[in-house]
Structure formats: C-alpha cells, structure tokens
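Notes follow the structure.
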Amino acid sequence: MTSQTLDPFHRPLQTLTPWPWHVKEAELHYDIDTLGKKLKELNQACYLVNHSEQGLGIAQSAEVTNPNSPALVGSHPVSAFAPALGTQSLGDSHFCRVHGVKYAYYAGAMANAIASEELVIALGQAGILCAFGAAGLIPSRVEAAIKRIQTALPNGPYAFNLIHSPSESALERGSVELFLKHQVRTVEASAFLGLTPHIVYYRAAGLSRDAHGEIIIGNKVIAKISRTEVASKFMQPAPAKMLQQLVHEGLITEDQMAMAQCVPMADDITAEADSGGHTDNRPLVTLLPTILALKDEIQAKYQYKTPIRVGAGGGIGTPEAALATFNMGAAYIVTGSINQACVEAGASEHTRKLLATTEMADVTMAPAADMFEMGVKLQVVKRGTLFPMRANKLYDLYSRYDSIEAIPLDERKKLEEQVFRASLDDIWAGTIAHFNERDPKQIERAQDNPKRKMALIFRWYLGLSSRWSNTGEVGREMDYQIWAGPALGAFNAWAKGSYLDDYRARHAVDLAKHLMVGAAYQARINLLLAQGVSIPVSLQRWRPQQPC
C-alpha cells in the first residue's frame with residue numbers, strides 16, 4: 001500500500017484490497033447509454049467494475065466475496081460503490097414533515113405577485129412549498145389571492161410573503177390582519193431590519209396548548225435574513241415589551257404572551273445570500289456557516305424543544321449549487337430568480353424571454369421603491385433595460401436636493417421627458433391617488449415636507465417600473481425593473497442547448513425536480529469519483545435532457 005489518500009468510507013484509494021463484493025459478468029453493462037441510465041436510477045445502489053478489456057461496467061447488485069475461497073470464475077471485484085441515494089437524503093426531513101412537502105426546497109416570494117397564484121398552486125399540487133409574492137399589493141388583491149390559493153390547495157402547502165414596510169406600516173399591519181382572518185398558517189418574513197409588532201402579533205396569535213399543556217405553534221414563520229443581528233432576533237423569543245403591548249390592546253391573551261416567550265420567533269431561518277431583489281450580496285459560503293453557528297449558540301441558550309432549522313437561498317440555480325448548499329449544512333434550499341422565468345410566474349412574456357438570455361454579469365444594484373429614502377438597494381437585470389441607470393439617477397437627485405423645485409430646470413426637463421413622460425405636477429396628482437388607496441398617511445406626511453414629496457414622486461417610477469415588467473407595458477420596455485441575481489445566469493448556462501433553453505418550456509415544478517434530483521445525482525457521482533474510478537465526462541453532470 002503506497003498511498004494514504006482516503007475515500008468517503010476511509011479506505012485508501014490506492015489499495016490492494018478491493019471492496020468485499022464481486023459482480024457476475026452477466027450482470028454488468030458496459031455501454032455508455034446503459035451506464036448513464038443506471039447511474040440515474042438513484043433508488044438503486046450501483047456497483048462499478050474496472051474491466052481490463054471492456055472498461056467501466058455497472059451493476060445494481062453484487063455478492064459478498066469470501067476471502068478464503070478461490071477467485072470466482074466469470075465475476076469481477078467491485079471498484080466503486082454508491083448506495084441508493086434519493087432526494088430524501090438532502091436536507092432536513094423535519095422541514096418536509098412540518099410543512100407537508102416532498103422536498104427540502106421551497107420557491108421564495110417575488111413581490112407584486114411575480115410569485116403568482118399560478119406558481120404557488122402548480123408547486124403546491126406537486127408537494128412543493130411556494131410563497132405568494134404579496135409585497136407591494138393592496139389588501140384586496142392579497143385577499144383575492146388567499147381565497148384562490150386556499151380553494152386550490154385546501155390542505156396546502158403554501159405560504160404568503162410578509163415584507164417589512166418601514167415607510168408603509170399600514171400595509172404590513174393590514175397583511176397580518178388578512179393572514180389571521182383567513183388562517184394563513186405560514187408566512188415568509190422578508191426585508192426585516194428588526195422585529196415589528198405586526199410580525200410578533202402574527203406569531204403569538206397562533207399559539208395554543210394541547211391537552212397535555214404542550215405549546216402548539218399554529219402560525220409558522222420562515223424568516224429570510226442576511227445579517228446576524230436580524231437573524232438573532234428571529235431566533236430568540238418575542239420581546240416581552242411588544243407582547244405586553246399586544247396584551248394591553250386585547251390582541252393576544254396573557255397565556256399567549258407566556259407561550260411566546262418559550263418559542264423562537266421563527267421556525268425556519270433562510271440565510272439569503274446574493275439573491276435577486278432585496279439583498280446584501282453576501283457570499284453563501286460565508287453567510288450560511290455564520291448563521292448555522294449562531295443557531296447552535298442560541299439553541300444552547302434557550303434549549304428549544306424543536307430546534308430552529310437554517311436553510312439558504314441566493315445563488316442557487318444549478319444542481320451543483322444545490323448540493324454544495326446542502327453539504328454546508330442547509331436544512332433546505334430556496335430558489336427565486338430561476339422561477340421568474342417560468343411560464344407560471346407573474347411576469348410578462350417580454351420579461352421572461354429576456355430573463356432566459358441573462359448571464360451572470362448582467363445584474364446590478366438599483367434603489368428599492370419601498371426603502372428609497374433609506375438608500376436601500378436591490379439587485380436587478382441591467383441587460384436590455386435602462387431602469388438601473390435611471391433609478392440611480394433619481395436617488396442621486398434626491399440626495400442632492402431638498403425639493404422638486406430645487407432641481408435645476410434642465411434636469412427637471414430630462415426627468416419629465418425621458419423618465420416620467422409627464423409633468424411632475426401630473427405625476428404628483430397620480431401619486432396622491434395611488435397612496436390614498438394604499439396608505440393615505442403617506443400623503444399627509446408629505447404635505448408640508450418637500451423632501452418627502454420628492455421621494456414619493458420618485459417612488460412612483462420605481463414602483464410602476466416593476467408592474468410594467470409584469471404586465472408587459474408596451475413602450476416602457478426600457479424602464480422594466482426586473483429582479484434577478486447571478487443564479488439565473490448560472491442556470492441559463494447550465495440549461496444552454498437543452499429543451500430548457502426555450503423560456504416557453506420552463507415550468508417551476510420541472511425546475512425544482514431538476515435541482516433536487518440533479519443534486520442527488522451529483523452527490524452519487526462525486527462519491528464514485530472519490531473512489532478512483534474514471535466516469536465518462538459526459539456523465540459527470542446532471543443534464544436537463546427531458547422533463548424530470
């Protein structure tokens with residue numbers, strides 16, 4: 001024995017002693033097509049043999065070798081072995097059981113119903129969780145979506161997005177009231193900078209006790225975070241001060257307050273890395289381990305009966321990325337950008353066609369409509385649109401001037417002609433009508449505040465640009481705001497040359513299965529390669545040759 005390099009089973013790769021199995025010649029397959037087919041049958045174990053003349057052979061059964069018996073005629077020693085390894089081996093089975101889903105996977109929310117009813121229902125009917133993109137919608141639109149999704153999925157699975165709205169608190173509160181009214185049992189909390197009374201109310205109002213006095217968590221929370229300080233707040237129990245105020249207002253009971261101090265604010269924490277939309281552009285390989293370590297620290301402190309699960313999203317667009325995320329310890333994975341290009345997404349055909357050609361470098365950061373004044377940015381597509389440039393120009397003007405009137409006339413003229421395509425006075429009139437429907441207090445606060453008025457006018461463009469992309473507004477194509485991260489470019493490169501190259505053939509369920517089954521297949525290939533066998537390059541990656 002000359003080498004001490006070990007395989008996953010702690011056997012030296014360069015060894016004189018083979019696996020303790022042999023395979024009969026009659027059971028081996030050597031042609032590459034059959035080899036590929038057998039490798040993909042993940043519910044079956046596989047045994048590889050290096051034949052001196054015919055090359056690599058595969059079988060799905062083997063017999064134990066008796067070291068005291070003479071070599072068996074017509075059989076070959078096993079060179080590499082992989083057990084049955086399906087998608088159930090990926091992630092945390094508790095996630096699947098708690099949410100009633102088939103995979104440790106869910107499709108994250110995309111605002112303005114880009115994560116549409118059709119997307120939620122299609123995935124839900126396949127046993128896959130998806131969060132409806134409720135952010136940016138008025139209450140009546142959200143309520144209509146709740147009714148439609150609950151009718152189609154009376155037993156789930158589904159979730160609704162609850163986005164933090166620092167400048168429109170009434171919308172956040174209204175969403176929670178709708179979720180409680182219609183018994184929406186799972187929300188995906190996103191863009192939170194800290195806990196608010198609204199998310200605490202949702203969590204606490206769903207707490208009850210069983211016949212033995214054990215706490216039952218009726219309202220599940222999946223918190224998308226990218227910062228440890230925010231993750232820590234969702235991993236800990238709700239603040240006593242907020243709970244006491246809710247009791248004082250008659251929204252929760254004293255017992256619910258007591259229970260809320262015994263359970264974490266969230267059941268699941270999604271470490272959101274370099275994603276589309278709201279993101280801090282965190283690298284997944286640094287963010288996820290940090291959040292996992294934080295979870296262990298908080299679990300040790302509070303000793304929750306059911307530990308918090310930590311999953312990850314942002315940058316996951318290929319089977320290899322999915323497997324890498326699971327290998328780092330993620331309980332589940334989350335996809336977003338790749339789903340926006342699917343036929344079920346609430347995006348226009350023009351947008352979906354553009355997304356199918358997006359490359360990894362075709363994304364950039366631009367101001368967010370909902371947190372414009374705070375300077376918060378989100379990740380969008382820059383290819384085929386002028387939105388990022390125009391949006392950043394608006395924020396530059398907002399930072400430099402105290403009112404619309406203070407903007408130089410030539411700059412104002414450019415805004416009216418190139419960006420708004422109307423006078424700013426007309427835009428202000430439309431802004432008043434818009435916020436009177438959503439949150440009238442926004443207009444009240446702007447009446448005697450020129451800076452605030454300017455922000456609302458600029459947010460008119462930022463808000464509508466996303467809707468133009470969704471509805472396919474003719475003539476506004478260069479103003480489309482399209483949220484996406486580099487994962488989409490990676491997916492497009494992986495799918496190039498396959499049937500998925502055609503955006504019209506992209507279905508969310510199919511993509512989810514390709515990522516999960518492909519990740520399991522990649523785990524098998526990696527295991528076999530680590531044992532020293534030479535697998536044909538064409539079989540070393542999962543290829544989307546047909547619907548999964």
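A note on labels: chains of the structure tokens are A, B, ... as shown, every chain counts residues from 1, and ligands are counted from 1 in their shown order.
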
Please identify the alpha helix (DSSP H) residues within segment 371-412 of chain A (assignment by DSSP from backbone atoms) and present them as a list in words.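 Answer for segment 371-412 of chain A, restricted to alpha helix (DSSP H): Phe387, Pro388, Met389, Arg390, Ala391, Asn392, Lys393, Leu394, Tyr395, Asp396, Leu397, Tyr398, Ser399, Arg400, Leu409, Asp410, Glu411 and Arg412 of chain A.
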
Please produce a file of those selected residues containing C-alpha atoms, as a CSV table (one decimal), in the first residue's frame.
```csv
chain,number,residue,atom,x,y,z
A,387,PHE,CA,-34.0,51.1,-15.3
A,388,PRO,CA,-30.9,50.8,-13.1
A,389,MET,CA,-29.3,53.9,-14.6
A,390,ARG,CA,-32.5,56.0,-14.3
A,391,ALA,CA,-33.3,54.7,-10.8
A,392,ASN,CA,-29.8,55.5,-9.6
A,393,LYS,CA,-30.1,59.0,-11.1
A,394,LEU,CA,-33.3,59.6,-9.2
A,395,TYR,CA,-31.6,58.7,-5.9
A,396,ASP,CA,-28.7,61.0,-6.8
A,397,LEU,CA,-31.1,63.9,-7.3
A,398,TYR,CA,-32.9,63.0,-4.1
A,399,SER,CA,-29.6,63.1,-2.2
A,400,ARG,CA,-28.5,66.4,-3.6
A,409,LEU,CA,-34.8,73.2,-14.8
A,410,ASP,CA,-32.7,71.3,-17.3
A,411,GLU,CA,-32.5,68.3,-15.0
A,412,ARG,CA,-36.2,68.5,-14.3
```

If we count only C-alpha atoms, what is near segment 519-521 of chain A at a cut-off of 10 Å, once residues fewer than 2 positions away on the same chain are taken out, given as an mmCIF file with N, CA and C atoms, in the first residue's frame?
```cif
data_model
loop_
_atom_site.group_PDB
_atom_site.id
_atom_site.type_symbol
_atom_site.label_atom_id
_atom_site.label_comp_id
_atom_site.auth_asym_id
_atom_site.auth_seq_id
_atom_site.Cartn_x
_atom_site.Cartn_y
_atom_site.Cartn_z
ATOM 1 N N LEU A 39 -26.838 4.892 -13.580
ATOM 2 C CA LEU A 39 -26.371 5.885 -12.612
ATOM 3 C C LEU A 39 -27.507 6.795 -12.162
ATOM 4 N N LYS A 40 -28.473 7.041 -13.056
ATOM 5 C CA LYS A 40 -29.588 7.930 -12.739
ATOM 6 C C LYS A 40 -30.687 7.253 -11.922
ATOM 7 N N GLU A 41 -30.629 5.946 -11.807
ATOM 8 C CA GLU A 41 -31.630 5.232 -11.005
ATOM 9 C C GLU A 41 -31.207 5.314 -9.543
ATOM 10 N N LEU A 42 -31.498 6.462 -8.949
ATOM 11 C CA LEU A 42 -30.974 6.778 -7.614
ATOM 12 C C LEU A 42 -31.579 5.932 -6.502
ATOM 13 N N ALA A 84 -28.107 3.532 -2.588
ATOM 14 C CA ALA A 84 -29.299 4.244 -3.045
ATOM 15 C C ALA A 84 -29.314 5.601 -2.365
ATOM 16 N N LEU A 85 -29.518 6.644 -3.147
ATOM 17 C CA LEU A 85 -29.388 8.000 -2.610
ATOM 18 C C LEU A 85 -30.380 8.901 -3.325
ATOM 19 N N GLY A 86 -31.568 9.046 -2.766
ATOM 20 C CA GLY A 86 -32.594 9.862 -3.395
ATOM 21 C C GLY A 86 -32.644 11.263 -2.833
ATOM 22 N N THR A 87 -33.636 12.024 -3.282
ATOM 23 C CA THR A 87 -33.761 13.411 -2.826
ATOM 24 C C THR A 87 -34.086 13.499 -1.340
ATOM 25 N N GLN A 88 -34.649 12.419 -0.770
ATOM 26 C CA GLN A 88 -34.969 12.448 0.659
ATOM 27 C C GLN A 88 -33.716 12.510 1.521
ATOM 28 N N SER A 89 -32.562 12.218 0.918
ATOM 29 C CA SER A 89 -31.304 12.274 1.671
ATOM 30 C C SER A 89 -30.779 13.695 1.770
ATOM 31 N N LEU A 90 -31.388 14.629 1.043
ATOM 32 C CA LEU A 90 -30.916 16.008 1.020
ATOM 33 C C LEU A 90 -31.727 16.870 1.980
ATOM 34 N N THR A 318 -28.316 25.839 -10.011
ATOM 35 C CA THR A 318 -27.888 24.608 -10.658
ATOM 36 C C THR A 318 -27.863 23.474 -9.631
ATOM 37 N N PRO A 319 -27.881 22.212 -10.097
ATOM 38 C CA PRO A 319 -27.791 21.099 -9.152
ATOM 39 C C PRO A 319 -26.522 21.139 -8.307
ATOM 40 N N GLU A 320 -25.399 21.554 -8.919
ATOM 41 C CA GLU A 320 -24.151 21.625 -8.166
ATOM 42 C C GLU A 320 -24.249 22.634 -7.029
ATOM 43 N N ALA A 321 -24.881 23.787 -7.298
ATOM 44 C CA ALA A 321 -25.046 24.804 -6.257
ATOM 45 C C ALA A 321 -25.963 24.292 -5.151
ATOM 46 N N ALA A 322 -27.016 23.565 -5.539
ATOM 47 C CA ALA A 322 -27.930 22.997 -4.546
ATOM 48 C C ALA A 322 -27.200 22.000 -3.656
ATOM 49 N N LEU A 323 -26.409 21.113 -4.271
ATOM 50 C CA LEU A 323 -25.675 20.117 -3.483
ATOM 51 C C LEU A 323 -24.661 20.783 -2.560
ATOM 52 N N ALA A 324 -23.950 21.780 -3.074
ATOM 53 C CA ALA A 324 -22.969 22.480 -2.239
ATOM 54 C C ALA A 324 -23.631 23.099 -1.015
ATOM 55 N N THR A 325 -24.832 23.645 -1.212
ATOM 56 C CA THR A 325 -25.557 24.280 -0.105
ATOM 57 C C THR A 325 -25.969 23.248 0.927
ATOM 58 N N PHE A 326 -26.475 22.108 0.471
ATOM 59 C CA PHE A 326 -26.821 21.032 1.410
ATOM 60 C C PHE A 326 -25.577 20.516 2.126
ATOM 61 N N LYS A 513 -37.560 19.883 -9.567
ATOM 62 C CA LYS A 513 -37.150 18.479 -9.608
ATOM 63 C C LYS A 513 -35.750 18.327 -10.195
ATOM 64 N N HIS A 514 -35.446 19.104 -11.238
ATOM 65 C CA HIS A 514 -34.107 19.034 -11.820
ATOM 66 C C HIS A 514 -33.049 19.405 -10.790
ATOM 67 N N LEU A 515 -33.305 20.426 -9.991
ATOM 68 C CA LEU A 515 -32.321 20.832 -8.996
ATOM 69 C C LEU A 515 -32.155 19.783 -7.904
ATOM 70 N N MET A 516 -33.262 19.229 -7.424
ATOM 71 C CA MET A 516 -33.178 18.263 -6.328
ATOM 72 C C MET A 516 -32.659 16.901 -6.796
ATOM 73 N N VAL A 517 -33.226 16.391 -7.868
ATOM 74 C CA VAL A 517 -32.753 15.106 -8.386
ATOM 75 C C VAL A 517 -31.320 15.244 -8.898
ATOM 76 N N ALA A 523 -24.256 14.087 -6.039
ATOM 77 C CA ALA A 523 -23.682 13.503 -4.824
ATOM 78 C C ALA A 523 -23.184 12.083 -5.114
ATOM 79 N N ARG A 524 -23.961 11.330 -5.901
ATOM 80 C CA ARG A 524 -23.551 9.973 -6.277
ATOM 81 C C ARG A 524 -22.280 9.998 -7.118
ATOM 82 N N ILE A 525 -22.239 10.856 -8.126
ATOM 83 C CA ILE A 525 -21.073 10.940 -8.998
ATOM 84 C C ILE A 525 -19.827 11.323 -8.203
ATOM 85 N N ASN A 526 -19.970 12.317 -7.318
ATOM 86 C CA ASN A 526 -18.822 12.751 -6.514
ATOM 87 C C ASN A 526 -18.296 11.614 -5.646
ATOM 88 N N LEU A 527 -19.197 10.819 -5.100
ATOM 89 C CA LEU A 527 -18.808 9.693 -4.254
ATOM 90 C C LEU A 527 -18.040 8.648 -5.057
ATOM 91 N N GLN A 540 -20.744 13.072 -15.891
ATOM 92 C CA GLN A 540 -20.347 13.608 -14.591
ATOM 93 C C GLN A 540 -21.219 14.756 -14.105
ATOM 94 N N ARG A 541 -22.121 15.248 -14.944
ATOM 95 C CA ARG A 541 -23.045 16.307 -14.518
ATOM 96 C C ARG A 541 -24.461 15.922 -14.911
ATOM 97 N N TRP A 542 -25.415 16.367 -14.127
ATOM 98 C CA TRP A 542 -26.823 16.164 -14.450
ATOM 99 C C TRP A 542 -27.208 17.097 -15.591
#
```

Strand (DSSP E) residues, from DSSP on the backbone, in segment 107-233 of chain A, as an MDAnalysis selection string: chainID A and resid 107 129:132 159:163 186:190 207:209 215:217 220:225

Segment 49-57 of chain A: which residues within 10 Å, counting only C-alpha atoms, same-chain residues fewer than 2 positions away excluded, as a VMD selection string? chain A and resid 22 to 23 25 27 to 32 34 to 35 47 59 75 to 81 533 to 536

Set out as a tab-separated table a contact list for segment 27-107 of chain A and segment 126-131 of chain A with a cut-off of 8 Å, giving each residue of segment 27-107 of chain A that qualifies its closest atom pair and distance in Å to one decimal, counting only C-alpha atoms, ordered by chain and rising residue number.
```
residue	atom	partner	partner_atom	distance
A:His99	CA	A:Leu129	CA	7.7
A:Gly100	CA	A:Gly127	CA	7.4
A:Val101	CA	A:Gly127	CA	4.9
A:Lys102	CA	A:Gly127	CA	5.3
A:Tyr103	CA	A:Ile128	CA	6.6
A:Tyr105	CA	A:Ile128	CA	7.0
A:Tyr106	CA	A:Leu129	CA	4.8
A:Ala107	CA	A:Cys130	CA	4.5
```

Between atom CA of Glu359 of chain A and atom CA of Gly475 of chain A, what is the distance in Å, rounded to a tenth?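 According to the coordinates, atom CA of Glu359 of chain A and atom CA of Gly475 of chain A are separated by 24.4 Å.
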
Within 10 Å of Ala122 of chain A using only C-alpha atoms, minus same-chain residues under 6 positions, as a list of chain:residue names: A:Ser116, A:Ile128, A:Leu129, A:Cys130, A:Ala152, A:Leu153, A:Glu344, A:His507, A:Ala508, A:Val509

Keeping only N, CA, C and O atoms, take the residues you just selected and write them out as a CSV table (one decimal), in the first residue's frame.
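This went into result32.csv:
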```
chain,number,residue,atom,x,y,z
A,116,SER,N,-46.7,34.2,-8.4
A,116,SER,CA,-48.1,34.3,-8.6
A,116,SER,C,-48.9,33.2,-8.0
A,116,SER,O,-48.4,32.2,-7.5
A,128,ILE,N,-44.7,20.8,-3.3
A,128,ILE,CA,-43.5,21.7,-3.1
A,128,ILE,C,-44.0,23.1,-2.6
A,128,ILE,O,-45.0,23.6,-3.1
A,129,LEU,N,-43.4,23.6,-1.6
A,129,LEU,CA,-43.8,24.9,-1.0
A,129,LEU,C,-43.4,26.1,-1.9
A,129,LEU,O,-42.3,26.1,-2.4
A,130,CYS,N,-44.3,27.1,-1.9
A,130,CYS,CA,-44.0,28.3,-2.6
A,130,CYS,C,-44.7,29.4,-1.9
A,130,CYS,O,-45.8,29.3,-1.4
A,152,ALA,N,-57.7,26.1,-4.2
A,152,ALA,CA,-56.9,25.1,-5.0
A,152,ALA,C,-56.1,24.2,-4.1
A,152,ALA,O,-55.9,23.0,-4.4
A,153,LEU,N,-55.6,24.7,-2.9
A,153,LEU,CA,-54.8,23.9,-2.0
A,153,LEU,C,-55.4,23.9,-0.6
A,153,LEU,O,-54.8,24.5,0.3
A,344,GLU,N,-45.4,30.0,-15.2
A,344,GLU,CA,-46.4,30.2,-14.2
A,344,GLU,C,-46.1,31.6,-13.5
A,344,GLU,O,-47.0,32.0,-12.7
A,507,HIS,N,-41.0,25.2,-16.6
A,507,HIS,CA,-42.1,25.1,-15.6
A,507,HIS,C,-41.5,24.9,-14.2
A,507,HIS,O,-40.5,24.2,-14.1
A,508,ALA,N,-42.1,25.6,-13.3
A,508,ALA,CA,-41.5,25.7,-11.9
A,508,ALA,C,-41.3,24.3,-11.3
A,508,ALA,O,-40.3,24.0,-10.6
A,509,VAL,N,-42.3,23.4,-11.4
A,509,VAL,CA,-42.1,22.1,-10.9
A,509,VAL,C,-41.0,21.3,-11.5
A,509,VAL,O,-40.2,20.6,-10.8
```
